[in-house]
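Structure file entry_29.cif; described as mmCIF, C-alpha atoms and all ligand atoms.
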```
data_target
loop_
_atom_site.label_atom_id
_atom_site.label_comp_id
_atom_site.auth_asym_id
_atom_site.auth_seq_id
_atom_site.Cartn_x
_atom_site.Cartn_y
_atom_site.Cartn_z
CA MET Q 1 14.34 19.03 0.31
CA PRO Q 2 13.75 15.28 0.30
CA MET Q 3 15.05 13.57 3.42
CA ALA Q 4 17.74 10.90 3.02
CA SER Q 5 17.80 7.79 5.19
CA GLU Q 6 20.82 5.74 6.27
CA TRP Q 7 19.86 2.89 3.95
CA MET Q 8 20.10 5.19 0.94
CA ASP Q 9 23.26 5.40 -1.16
CA GLU Q 10 24.28 7.84 -3.89
CA GLU Q 11 22.27 5.94 -6.50
CA THR Q 12 19.04 5.94 -4.51
CA LYS Q 13 19.55 9.62 -3.64
CA LEU Q 14 19.63 10.40 -7.37
CA LEU Q 15 16.57 8.20 -7.84
CA GLN Q 16 14.85 10.08 -5.03
CA ASP Q 17 15.43 13.32 -6.84
CA ALA Q 18 14.10 11.92 -10.13
CA ALA Q 19 11.06 10.46 -8.37
CA ALA Q 20 10.30 13.75 -6.59
CA ARG Q 21 10.43 15.60 -9.92
CA PHE Q 22 8.20 13.03 -11.61
CA VAL Q 23 5.65 13.19 -8.79
CA ALA Q 24 5.60 17.03 -8.83
CA LYS Q 25 5.05 17.09 -12.60
CA GLU Q 26 2.86 14.07 -13.30
CA MET Q 27 0.95 13.37 -10.09
CA THR Q 28 0.50 16.33 -7.75
CA PRO Q 29 -1.31 18.55 -10.30
CA HIS Q 30 -3.96 15.83 -10.78
CA ALA Q 31 -4.40 14.76 -7.16
CA ASP Q 32 -7.65 16.63 -6.44
CA ARG Q 33 -9.24 15.39 -9.65
CA TRP Q 34 -8.16 11.81 -8.85
CA ASP Q 35 -9.82 12.18 -5.46
CA ARG Q 36 -13.06 13.30 -7.12
CA GLN Q 37 -13.07 10.61 -9.81
CA ARG Q 38 -12.25 7.97 -7.18
CA GLN Q 39 -9.31 6.57 -9.11
CA ILE Q 40 -6.10 7.76 -10.62
CA ASP Q 41 -5.52 8.07 -14.37
CA ARG Q 42 -4.11 4.93 -15.94
CA ASP Q 43 -1.75 6.74 -18.25
CA VAL Q 44 0.35 8.05 -15.37
CA TRP Q 45 1.71 4.49 -15.07
CA LEU Q 46 2.78 4.49 -18.74
CA ARG Q 47 4.73 7.69 -18.07
CA ALA Q 48 6.18 6.24 -14.85
CA GLY Q 49 7.25 3.20 -16.87
CA GLU Q 50 8.93 5.42 -19.47
CA ALA Q 51 10.72 7.25 -16.67
CA GLY Q 52 12.03 3.92 -15.30
CA LEU Q 53 10.11 4.29 -12.04
CA LEU Q 54 8.21 0.98 -12.08
CA LEU Q 55 9.49 -2.42 -10.91
CA ALA Q 56 12.71 -0.78 -9.79
CA SER Q 57 13.71 -3.85 -7.77
CA ILE Q 58 13.00 -6.45 -10.47
CA PRO Q 59 15.95 -7.78 -12.52
CA ALA Q 60 16.59 -6.06 -15.84
CA GLU Q 61 16.08 -9.32 -17.78
CA TYR Q 62 12.38 -9.07 -16.86
CA GLY Q 63 12.16 -5.39 -17.74
CA GLY Q 64 12.80 -4.06 -14.24
CA GLY Q 65 15.34 -1.60 -12.93
CA GLY Q 66 17.69 -4.22 -11.50
CA GLY Q 67 17.71 -2.58 -8.06
CA THR Q 68 16.63 -3.65 -4.58
CA PHE Q 69 13.74 -2.86 -2.28
CA ALA Q 70 15.67 0.34 -1.42
CA HIS Q 71 14.83 1.58 -4.91
CA ASP Q 72 11.13 0.72 -4.53
CA ALA Q 73 11.01 2.33 -1.09
CA THR Q 74 12.74 5.47 -2.33
CA ILE Q 75 10.18 6.05 -5.10
CA TYR Q 76 7.26 5.10 -2.87
CA GLN Q 77 8.33 7.51 -0.12
CA GLU Q 78 8.45 10.38 -2.61
CA ILE Q 79 4.87 9.66 -3.69
CA CYS Q 80 3.82 9.60 -0.03
CA ARG Q 81 5.83 12.73 0.75
CA ALA Q 82 3.76 14.63 -1.82
CA GLY Q 83 0.68 13.70 0.22
CA LEU Q 84 -0.43 11.06 -2.32
CA SER Q 85 -0.20 7.87 -0.28
CA SER Q 86 -3.96 7.45 -0.44
CA GLY Q 87 -4.18 7.14 -4.22
CA ALA Q 88 -1.11 6.88 -6.37
CA GLY Q 89 0.83 5.57 -3.38
CA VAL Q 90 -1.37 2.54 -2.76
CA CYS Q 91 -1.62 1.74 -6.45
CA TYR Q 92 2.14 2.04 -6.82
CA SER Q 93 2.96 -0.06 -3.78
CA ILE Q 94 0.71 -2.91 -4.88
CA SER Q 95 1.32 -2.84 -8.61
CA ALA Q 96 4.98 -1.85 -8.75
CA CYS Q 97 6.35 -3.29 -5.50
CA LEU Q 98 4.21 -6.20 -4.22
CA ILE Q 99 2.69 -8.12 -7.12
CA PRO Q 100 5.91 -8.19 -9.19
CA HIS Q 101 7.70 -9.86 -6.28
CA TYR Q 102 5.08 -12.59 -6.03
CA ILE Q 103 5.65 -13.26 -9.72
CA LEU Q 104 9.45 -13.05 -9.46
CA ALA Q 105 9.66 -15.27 -6.38
CA TYR Q 106 7.13 -17.96 -7.28
CA GLY Q 107 6.18 -17.56 -10.94
CA THR Q 108 7.26 -19.97 -13.63
CA GLU Q 109 9.73 -18.64 -16.18
CA GLY Q 110 6.84 -18.25 -18.64
CA GLN Q 111 4.77 -16.25 -16.11
CA LYS Q 112 7.69 -13.93 -15.37
CA ARG Q 113 8.29 -13.26 -19.07
CA GLN Q 114 4.57 -12.85 -19.78
CA TRP Q 115 3.75 -10.32 -17.08
CA LEU Q 116 6.78 -8.56 -15.59
CA PRO Q 117 8.02 -6.61 -18.66
CA ARG Q 118 4.53 -5.25 -19.30
CA MET Q 119 4.12 -4.29 -15.64
CA ALA Q 120 7.45 -2.45 -15.84
CA LYS Q 121 6.13 -0.43 -18.78
CA GLY Q 122 2.96 0.46 -16.89
CA GLU Q 123 0.79 -1.52 -19.32
CA ILE Q 124 -0.43 -3.92 -16.64
CA ILE Q 125 -1.80 -2.82 -13.26
CA GLY Q 126 -1.76 -5.50 -10.60
CA ALA Q 127 -3.97 -6.34 -7.61
CA ILE Q 128 -4.15 -9.01 -4.95
CA ALA Q 129 -7.52 -10.40 -3.87
CA MET Q 130 -7.54 -12.15 -0.52
CA THR Q 131 -10.40 -10.64 1.46
CA GLU Q 132 -13.99 -11.86 1.09
CA PRO Q 133 -17.23 -10.67 2.63
CA GLY Q 134 -16.93 -13.52 5.16
CA ALA Q 135 -13.17 -13.71 5.67
CA GLY Q 136 -10.48 -11.09 6.17
CA SER Q 137 -8.16 -11.68 9.10
CA ASP Q 138 -9.17 -15.34 9.10
CA LEU Q 139 -7.78 -15.97 5.65
CA GLN Q 140 -7.97 -19.74 5.86
CA ASN Q 141 -11.74 -19.38 6.02
CA ILE Q 142 -12.09 -18.06 2.46
CA ARG Q 143 -14.79 -19.67 0.33
CA THR Q 144 -13.67 -18.79 -3.18
CA ALA Q 145 -13.01 -22.16 -4.77
CA ALA Q 146 -11.20 -23.22 -7.91
CA GLN Q 147 -12.39 -26.59 -9.15
CA ALA Q 148 -10.10 -28.52 -11.48
CA VAL Q 149 -11.52 -29.09 -14.99
CA ASP Q 150 -9.88 -30.02 -18.29
CA ASP Q 151 -6.87 -27.70 -18.84
CA GLY Q 152 -7.67 -25.44 -15.95
CA TYR Q 153 -9.98 -24.40 -13.15
CA ARG Q 154 -13.49 -23.02 -12.70
CA LEU Q 155 -13.47 -20.27 -10.12
CA ASN Q 156 -16.54 -19.45 -8.01
CA GLY Q 157 -16.84 -16.92 -5.22
CA SER Q 158 -16.37 -13.25 -4.49
CA LYS Q 159 -13.82 -10.85 -3.05
CA THR Q 160 -14.24 -7.44 -1.49
CA TYR Q 161 -12.25 -4.32 -0.55
CA ILE Q 162 -9.74 -5.04 -3.33
CA SER Q 163 -7.37 -2.15 -4.02
CA ASN Q 164 -6.93 -1.45 -7.76
CA GLY Q 165 -9.99 -3.67 -8.27
CA GLN Q 166 -11.50 -1.41 -10.94
CA THR Q 167 -8.31 -0.91 -12.88
CA ALA Q 168 -6.29 -4.11 -12.48
CA ASP Q 169 -5.28 -6.12 -15.55
CA LEU Q 170 -3.75 -8.91 -13.51
CA ILE Q 171 -5.31 -10.04 -10.23
CA LEU Q 172 -3.71 -12.63 -7.97
CA VAL Q 173 -6.77 -14.32 -6.50
CA VAL Q 174 -6.48 -16.39 -3.34
CA ALA Q 175 -8.65 -19.47 -3.83
CA LYS Q 176 -9.09 -22.96 -2.48
CA THR Q 177 -7.98 -25.55 -4.99
CA ASP Q 178 -8.42 -28.31 -2.38
CA PRO Q 179 -11.00 -27.25 0.24
CA ALA Q 180 -10.26 -30.31 2.41
CA ALA Q 181 -6.54 -29.57 2.74
CA GLY Q 182 -6.68 -26.41 4.91
CA ALA Q 183 -3.77 -24.01 4.32
CA LYS Q 184 -2.19 -26.56 1.96
CA GLY Q 185 -5.23 -26.35 -0.31
CA ILE Q 186 -4.88 -22.61 -0.98
CA SER Q 187 -3.46 -21.33 -4.28
CA LEU Q 188 -2.76 -17.99 -5.90
CA ILE Q 189 -4.39 -17.86 -9.32
CA ALA Q 190 -3.73 -15.06 -11.78
CA ILE Q 191 -6.85 -13.70 -13.43
CA GLU Q 192 -6.51 -11.50 -16.49
CA PRO Q 193 -9.88 -9.71 -16.63
CA ALA Q 194 -9.53 -8.89 -20.34
CA ASN Q 195 -9.97 -12.57 -21.20
CA ALA Q 196 -11.63 -14.13 -18.17
CA GLU Q 197 -15.19 -15.14 -18.94
CA GLY Q 198 -17.28 -15.30 -15.77
CA PHE Q 199 -15.29 -12.57 -14.05
CA ARG Q 200 -17.08 -9.36 -13.07
CA ARG Q 201 -16.01 -6.22 -11.23
CA GLY Q 202 -18.52 -4.93 -8.71
CA ARG Q 203 -18.86 -1.44 -7.29
CA ASN Q 204 -16.02 0.95 -6.72
CA LEU Q 205 -16.75 1.18 -2.98
CA GLU Q 206 -17.28 4.59 -1.34
CA LYS Q 207 -14.94 5.07 1.63
CA MET Q 208 -14.33 7.58 4.44
CA GLY Q 209 -10.88 8.34 2.98
CA MET Q 210 -8.38 7.04 0.43
CA HIS Q 211 -10.60 8.57 -2.22
CA ALA Q 212 -8.21 8.33 -5.15
CA GLN Q 213 -7.68 4.61 -4.58
CA ASP Q 214 -10.27 2.37 -6.24
CA THR Q 215 -11.46 -0.36 -3.89
CA SER Q 216 -13.80 -2.97 -5.29
CA GLU Q 217 -15.87 -6.06 -5.07
CA LEU Q 218 -14.94 -8.82 -7.53
CA PHE Q 219 -17.13 -11.74 -8.60
CA PHE Q 220 -16.28 -15.11 -10.13
CA ASP Q 221 -19.14 -17.07 -11.67
CA ASP Q 222 -17.78 -20.29 -13.15
CA CYS Q 223 -14.85 -18.20 -14.31
CA PHE Q 224 -12.45 -20.33 -16.40
CA VAL Q 225 -8.76 -19.95 -15.66
CA PRO Q 226 -6.11 -21.92 -17.58
CA ALA Q 227 -3.98 -24.24 -15.44
CA ALA Q 228 -0.96 -22.17 -16.55
CA ASN Q 229 -2.31 -19.30 -14.42
CA ILE Q 230 -1.64 -20.99 -11.07
CA LEU Q 231 1.23 -18.94 -9.69
CA GLY Q 232 4.28 -21.19 -9.88
CA GLY Q 233 2.36 -23.86 -11.76
CA VAL Q 234 1.77 -26.09 -8.72
CA PRO Q 235 -1.46 -25.76 -6.68
CA GLY Q 236 -1.46 -25.62 -2.88
CA GLN Q 237 1.45 -23.20 -2.45
CA GLY Q 238 -0.59 -20.03 -1.96
CA PHE Q 239 -0.71 -19.74 1.83
CA GLY Q 240 3.05 -20.05 2.19
CA GLN Q 241 3.60 -17.58 -0.66
CA LEU Q 242 1.36 -15.04 1.06
CA MET Q 243 3.00 -15.45 4.45
CA GLN Q 244 6.48 -14.93 2.99
CA GLN Q 245 5.55 -11.71 1.17
CA LEU Q 246 3.55 -10.12 3.98
CA ALA Q 247 6.64 -8.82 5.80
CA VAL Q 248 7.44 -6.58 2.84
CA GLU Q 249 3.82 -5.46 2.59
CA ARG Q 250 3.94 -4.45 6.26
CA MET Q 251 7.15 -2.52 5.78
CA ILE Q 252 5.51 -0.65 2.91
CA VAL Q 253 2.65 0.36 5.22
CA ALA Q 254 5.14 1.30 7.96
CA LEU Q 255 7.13 3.51 5.56
CA SER Q 256 4.00 5.27 4.41
CA ALA Q 257 2.78 5.78 7.99
CA THR Q 258 6.13 7.28 8.96
CA VAL Q 259 6.15 9.70 6.03
CA ASN Q 260 2.59 10.71 6.90
CA MET Q 261 3.59 11.43 10.51
CA GLU Q 262 6.38 13.67 9.24
CA LEU Q 263 3.99 15.42 6.87
CA ALA Q 264 1.33 16.02 9.52
CA ILE Q 265 3.89 17.57 11.88
CA ALA Q 266 5.40 19.80 9.16
CA TRP Q 267 1.98 21.05 8.02
CA THR Q 268 0.83 21.70 11.58
CA THR Q 269 4.02 23.49 12.62
CA ALA Q 270 3.76 25.78 9.59
CA TYR Q 271 0.10 26.48 10.33
CA ALA Q 272 0.71 27.14 14.05
CA ARG Q 273 3.45 29.64 13.26
CA GLU Q 274 1.04 31.65 11.08
CA ARG Q 275 -2.26 31.37 12.94
CA PRO Q 276 -3.00 34.49 15.08
CA LEU Q 277 -4.61 33.68 18.43
CA PHE Q 278 -5.31 35.88 21.47
CA GLY Q 279 -2.80 38.49 20.30
CA LYS Q 280 -0.10 35.86 19.82
CA ARG Q 281 0.37 32.98 17.40
CA LEU Q 282 -0.93 29.46 17.96
CA TRP Q 283 2.71 28.36 18.06
CA ASP Q 284 3.46 30.64 21.07
CA PHE Q 285 1.27 28.58 23.42
CA GLN Q 286 3.28 26.02 25.33
CA ASN Q 287 0.51 23.49 24.75
CA THR Q 288 1.13 23.71 20.99
CA GLN Q 289 4.86 23.27 21.36
CA PHE Q 290 4.49 20.39 23.82
CA LYS Q 291 1.94 18.58 21.65
CA LEU Q 292 4.11 18.96 18.57
CA ALA Q 293 7.22 17.93 20.50
CA GLU Q 294 5.42 14.76 21.60
CA CYS Q 295 4.37 14.08 18.01
CA GLN Q 296 7.88 14.76 16.75
CA THR Q 297 9.33 12.32 19.29
CA LEU Q 298 6.95 9.56 18.17
CA ALA Q 299 7.76 10.29 14.53
CA PHE Q 300 11.47 10.29 15.24
CA VAL Q 301 11.27 6.91 16.99
CA SER Q 302 9.22 5.56 14.07
CA ARG Q 303 11.69 6.84 11.50
CA THR Q 304 14.63 5.37 13.42
CA PHE Q 305 12.84 2.01 13.82
CA VAL Q 306 11.70 1.80 10.20
CA ASP Q 307 15.09 2.83 8.80
CA ALA Q 308 16.81 0.21 10.96
CA LEU Q 309 14.39 -2.43 9.70
CA MET Q 310 14.97 -1.33 6.12
CA THR Q 311 18.64 -2.21 6.63
CA ARG Q 312 17.60 -5.61 7.98
CA LEU Q 313 15.22 -6.19 5.09
CA LEU Q 314 17.86 -5.24 2.54
CA THR Q 315 20.29 -7.76 4.05
CA GLY Q 316 17.64 -10.50 4.21
CA ASN Q 317 17.36 -10.35 8.00
CA LEU Q 318 13.85 -9.03 8.60
CA ASP Q 319 11.54 -11.53 10.30
CA ALA Q 320 7.75 -11.46 10.09
CA ALA Q 321 7.20 -10.52 13.74
CA THR Q 322 9.48 -7.48 13.62
CA ALA Q 323 7.79 -6.29 10.43
CA ALA Q 324 4.44 -6.74 12.20
CA ALA Q 325 5.73 -4.70 15.15
CA ALA Q 326 6.77 -1.94 12.74
CA LYS Q 327 3.33 -1.84 11.16
CA LEU Q 328 1.66 -1.85 14.57
CA TRP Q 329 3.87 0.89 16.04
CA THR Q 330 3.84 3.24 13.08
CA THR Q 331 0.15 3.01 12.19
CA GLU Q 332 -1.09 3.29 15.79
CA ASN Q 333 1.13 6.33 16.35
CA LEU Q 334 0.15 7.84 13.02
CA GLY Q 335 -3.44 7.70 14.31
CA LYS Q 336 -2.43 9.59 17.47
CA ILE Q 337 -0.37 12.18 15.60
CA ALA Q 338 -3.02 12.79 12.93
CA ASP Q 339 -5.57 13.38 15.70
CA GLU Q 340 -3.35 15.77 17.70
CA CYS Q 341 -2.36 17.70 14.58
CA LEU Q 342 -5.92 18.02 13.35
CA GLN Q 343 -6.92 19.37 16.77
CA LEU Q 344 -4.29 22.10 16.48
CA PHE Q 345 -5.84 23.22 13.19
CA GLY Q 346 -9.17 23.83 14.97
CA GLY Q 347 -12.17 23.99 12.62
CA ALA Q 348 -9.89 24.24 9.62
CA GLY Q 349 -8.66 20.75 10.43
CA TYR Q 350 -12.13 19.39 9.81
CA MET Q 351 -12.39 21.03 6.38
CA SER Q 352 -11.57 18.86 3.40
CA GLU Q 353 -9.66 21.69 1.75
CA TYR Q 354 -6.95 21.34 4.41
CA PRO Q 355 -4.68 18.35 3.72
CA ILE Q 356 -4.57 17.43 7.44
CA SER Q 357 -8.26 16.55 7.21
CA ARG Q 358 -7.60 14.14 4.35
CA LEU Q 359 -4.54 12.67 6.06
CA PHE Q 360 -6.60 12.01 9.21
CA ALA Q 361 -9.27 10.12 7.25
CA ASP Q 362 -6.75 8.28 5.07
CA ALA Q 363 -4.61 7.22 8.02
CA ARG Q 364 -7.41 5.29 9.70
CA VAL Q 365 -7.27 2.36 7.31
CA SER Q 366 -3.60 1.70 7.93
CA ARG Q 367 -4.57 0.07 11.25
CA ILE Q 368 -6.93 -2.26 9.38
CA TYR Q 369 -5.54 -3.29 6.00
CA GLY Q 370 -2.44 -5.34 5.35
CA GLY Q 371 -3.38 -7.16 8.59
CA SER Q 372 -5.13 -5.27 11.39
CA SER Q 373 -3.40 -4.05 14.55
CA GLU Q 374 -4.92 -6.95 16.46
CA VAL Q 375 -3.48 -9.44 13.99
CA MET Q 376 -0.09 -7.71 14.27
CA LYS Q 377 -0.29 -8.18 18.05
CA LEU Q 378 -1.03 -11.88 17.57
CA ILE Q 379 2.08 -12.23 15.39
CA VAL Q 380 4.28 -10.37 17.88
CA ALA Q 381 2.83 -12.28 20.84
CA ARG Q 382 3.76 -15.61 19.24
CA THR Q 383 7.42 -14.67 19.65
CA LEU Q 384 7.14 -14.05 23.41
C1 LIG I 401 -9.23 0.60 1.83
C2 LIG I 401 -8.99 -0.86 1.94
C3 LIG I 401 -8.19 -1.50 1.00
C4 LIG I 401 -8.01 -2.89 1.07
N1 LIG I 401 -7.26 -3.52 0.08
C5 LIG I 401 -7.22 -4.88 0.07
C6 LIG I 401 -6.61 -5.58 -1.02
O1 LIG I 401 -6.05 -4.97 -1.94
N2 LIG I 401 -6.65 -6.93 -1.03
C7 LIG I 401 -7.24 -7.65 -0.03
O2 LIG I 401 -7.25 -8.86 -0.10
N3 LIG I 401 -7.83 -7.02 1.02
C8 LIG I 401 -7.84 -5.66 1.08
N4 LIG I 401 -8.43 -5.01 2.14
C9 LIG I 401 -9.05 -5.81 3.19
C10 LIG I 401 -8.28 -5.78 4.50
O3 LIG I 401 -7.06 -6.43 4.38
C11 LIG I 401 -9.21 -6.40 5.57
O4 LIG I 401 -10.27 -5.48 5.77
C12 LIG I 401 -8.48 -6.69 6.87
O5 LIG I 401 -7.57 -7.74 6.72
C13 LIG I 401 -9.46 -7.05 8.01
O6 LIG I 401 -10.33 -8.05 7.61
P1 LIG I 401 -11.91 -7.85 7.81
O7 LIG I 401 -12.30 -6.55 7.21
O8 LIG I 401 -12.60 -9.06 7.30
O9 LIG I 401 -12.12 -7.73 9.37
P2 LIG I 401 -12.27 -8.96 10.37
O10 LIG I 401 -11.24 -9.98 10.07
O11 LIG I 401 -13.69 -9.40 10.41
O12 LIG I 401 -11.91 -8.28 11.76
C14 LIG I 401 -12.87 -7.58 12.58
C15 LIG I 401 -12.16 -7.12 13.85
O13 LIG I 401 -11.71 -8.26 14.57
C16 LIG I 401 -10.33 -8.11 14.86
N5 LIG I 401 -9.70 -9.42 14.91
C17 LIG I 401 -9.49 -10.27 13.89
N6 LIG I 401 -8.91 -11.39 14.30
C18 LIG I 401 -8.72 -11.25 15.64
C19 LIG I 401 -8.16 -12.07 16.64
N7 LIG I 401 -7.66 -13.29 16.36
N8 LIG I 401 -8.13 -11.61 17.90
C20 LIG I 401 -8.65 -10.40 18.21
N9 LIG I 401 -9.21 -9.56 17.31
C21 LIG I 401 -9.23 -9.99 16.03
C22 LIG I 401 -9.80 -7.25 13.73
O14 LIG I 401 -8.59 -6.65 14.07
C23 LIG I 401 -10.93 -6.27 13.57
O15 LIG I 401 -10.80 -5.26 14.53
C24 LIG I 401 -8.60 -3.64 2.11
C25 LIG I 401 -9.37 -2.98 3.08
C26 LIG I 401 -9.58 -1.63 2.99
C27 LIG I 401 -10.45 -0.97 4.03
#
```

Produce structure tokens that represent the structure in this file.
Amino acid sequence: MPMASEWMDEETKLLQDAAARFVAKEMTPHADRWDRQRQIDRDVWLRAGEAGLLLASIPAEYGGGGGTFAHDATIYQEICRAGLSSGAGVCYSISACLIPHYILAYGTEGQKRQWLPRMAKGEIIGAIAMTEPGAGSDLQNIRTAAQAVDDGYRLNGSKTYISNGQTADLILVVAKTDPAAGAKGISLIAIEPANAEGFRRGRNLEKMGMHAQDTSELFFDDCFVPAANILGGVPGQGFGQLMQQLAVERMIVALSATVNMELAIAWTTAYARERPLFGKRLWDFQNTQFKLAECQTLAFVSRTFVDALMTRLLTGNLDAATAAAAKLWTTENLGKIADECLQLFGGAGYMSEYPISRLFADARVSRIYGGSSEVMKLIVARTL
């Protein structure tokens, strides 16, 4: 049975049920193949759009579901709860939760009408390209530059580790439109690969986990972008736009980490109760019970923390530092729990056919992307 949180009401509980059924029918049966092909099938997003499961928190006038972040979080948690956070989950969170809110919050009316309805139908997959080979945490140090020309910009530079990079139809690229102006010279520019001459996708990068999520290099060689593709129409707003949206991104990672803790504990408990060992079961050893009780306590604290912050977010009261603390706490503890649980599986835990093995590998990146644990500590420390 799906678990209900305090921030859920009757409507989101019904949505949870619908999302769980959609995931069981349209995603779970394909998960192993998506892992092998290193990306998920595009057409699942068309079906999710038909089912009303995309852009749930975007107003209906732009094709969305007219809900709140509670609706997004409900659907996203069901994808994660099926053990799919590493593929469909990441794609969903970026394309259906994050990018639409950049467009809704900062886009011009024309940009909203051009992109949001098609994203809601699953026709457009979104990505955000900040990181470069020479700049990740130190975002202000990016080198990708957009030089003003007649009617637009010429973009030069490269990005790396971009989720949905192979599949995206709309990429919000972080670029310097005024290299001398520091943070005030950074803009978000929407690239539509289908008609962007000078844009090239690089490799789909091989990773230690997150196999179903495509992660790519992107290259811009004198790539022309119309001036109308600057998000919001005015250059120089990008850094502020990013900073405002990052709290939600960190809550998305925290939600996923919490669900993955709960999954790891459930899988391990079930395994321990079955596994014969020295004439008993693995579960009968006090060490097993103590380890799992410790894990359960961490998971319970995480769930309580994240659910409380969801309430704050939904009432507009979540600050950046608290969201950073949530990402830090949940992802660091997910790492500990995944390690303890894998240990209880013994050799089986190291075998890819056991989901705990995949969860362990997938979990590692949550302490790095969306802002690393060290960067989260910097943000929290600034409030002290
Ligand atoms: C699977 C995956 C998917 C990703 N998806 C995206 C995406 O969709 N879009 C995107 O733009 N990026 C994406 N990233 C990139 C990710 O956000 C960066 O890797 C991350 O921000 C860290 O940047 P970096 O790799 O350049 O490491 P660096 O910034 O070089 O950091 C190296 C180390 O230094 C530490 N560090 C950094 N600053 C400080 C400091 N001030 N004090 C102390 N220690 C510090 C870091 O925590 C880290 O341990 C993805 C990465 C991965 C692995």

Item to check | Distance query Ala19 (chain Q) at most 12 Å, only C-alpha atoms, self and fewer than 5 positions along chain excluded, as an NGL selection string | outcome: :Q and (2 or 12-14 or 24-27 or 47-49 or 51-54 or 56 or 71-82)

Item to check | Protein and nucleic acid residues within 9 Å of ligand LIG 401 (chain I) (all atoms listed in the file) as number ranges by chain | outcome: Q: 86, 90, 94, 127-139, 159-165, 173-174, 205, 207, 209-210, 213-216, 362, 364-378

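The smallest atom-to-atom distance between Ala272 (chain Q) and any of Q:Ala145, Q:Cys341, Q:Ala299, Q:Ala247, using only C-alpha atoms, is found for Q:Cys341.
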
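Neighbouring residues of Ile265 (chain Q) at 8 Å or closer, counting all atoms listed in the file and skipping chain neighbours under 2 positions away, are Q:Met261, Q:Glu262, Q:Leu263, Q:Trp267, Q:Thr268, Q:Thr269, Q:Leu292, Q:Cys295, Q:Gln296, Q:Ile337, Q:Cys341.
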
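Of note, CA of Ser93 (chain Q) and CA of Met251 (chain Q) are spaced 10.7 Å apart.
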
Checklist entry - Between Q:Leu155, Q:Gly122, Q:Ala212, Q:Ala363, which has the minimum distance to Ala88 (chain Q) (counting only C-alpha atoms)? => result Q:Ala212

So which residues touch Ile58 (chain Q) within 9 Å, counting all atoms listed in the file, skipping near sequence neighbours fewer than 6 positions away, as a CSV table (one decimal) with C-alpha atoms, in the coordinates of the input?
```csv
chain,number,residue,atom,x,y,z
Q,64,GLY,CA,12.8,-4.1,-14.2
Q,65,GLY,CA,15.3,-1.6,-12.9
Q,66,GLY,CA,17.7,-4.2,-11.5
Q,67,GLY,CA,17.7,-2.6,-8.1
Q,68,THR,CA,16.6,-3.6,-4.6
Q,69,PHE,CA,13.7,-2.9,-2.3
Q,97,CYS,CA,6.4,-3.3,-5.5
Q,100,PRO,CA,5.9,-8.2,-9.2
Q,101,HIS,CA,7.7,-9.9,-6.3
Q,104,LEU,CA,9.4,-13.0,-9.5
Q,116,LEU,CA,6.8,-8.6,-15.6
Q,120,ALA,CA,7.4,-2.4,-15.8
```

Checklist entry - For the atom pair CA of Phe22 (chain Q) and CA of Val44 (chain Q), what is the interatomic distance in Å to one decimal place? => result 10.0 Å

Checklist entry - Distance CA of Asp178 (chain Q)-CA of Glu192 (chain Q), one decimal place? => result 22.0 Å

Next on the checklist: Applying 8 Å and all atoms listed in the file, which residues near Leu98 (chain Q) remain after dropping the ones on its own chain fewer than 5 positions away? List them as a ChimeraX atom specification.
Outcome noted: /Q:93,245,248-249

Since we have the selection now, will you write its residues out, keeping C-alpha atoms, as a PDB file, in the frame of the given file?
```pdb
ATOM      1  CA  SER Q  93       2.960  -0.060  -3.780  1.00  0.00           C
ATOM      2  CA  GLN Q 245       5.550 -11.710   1.170  1.00  0.00           C
ATOM      3  CA  VAL Q 248       7.440  -6.580   2.840  1.00  0.00           C
ATOM      4  CA  GLU Q 249       3.820  -5.460   2.590  1.00  0.00           C
TER       5      GLU Q 249
END
```

Item to check | Residue among Q:Thr322, Q:Thr288, Q:Ser57, Q:Asn204 lying closest to Leu246 (chain Q), counting all atoms listed in the file | outcome: Q:Thr322

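Among Q:Pro179, Q:Pro117, Q:Pro226, Q:Gly346, the residue with the shortest atom-to-atom distance to Ala196 (chain Q), counting all atoms listed in the file, is Q:Pro226.
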
Checklist entry - What's the 6 Å shell around region 308-320 of chain Q, counting all atoms listed in the file, without same-chain residues fewer than 3 positions away, as a count of residues only? => result 4

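Proximity of Q:Tyr153, Q:Phe290, Q:Trp283, Q:Phe360 to Asp222 (chain Q), computed with only C-alpha atoms, is greatest for Q:Tyr153.
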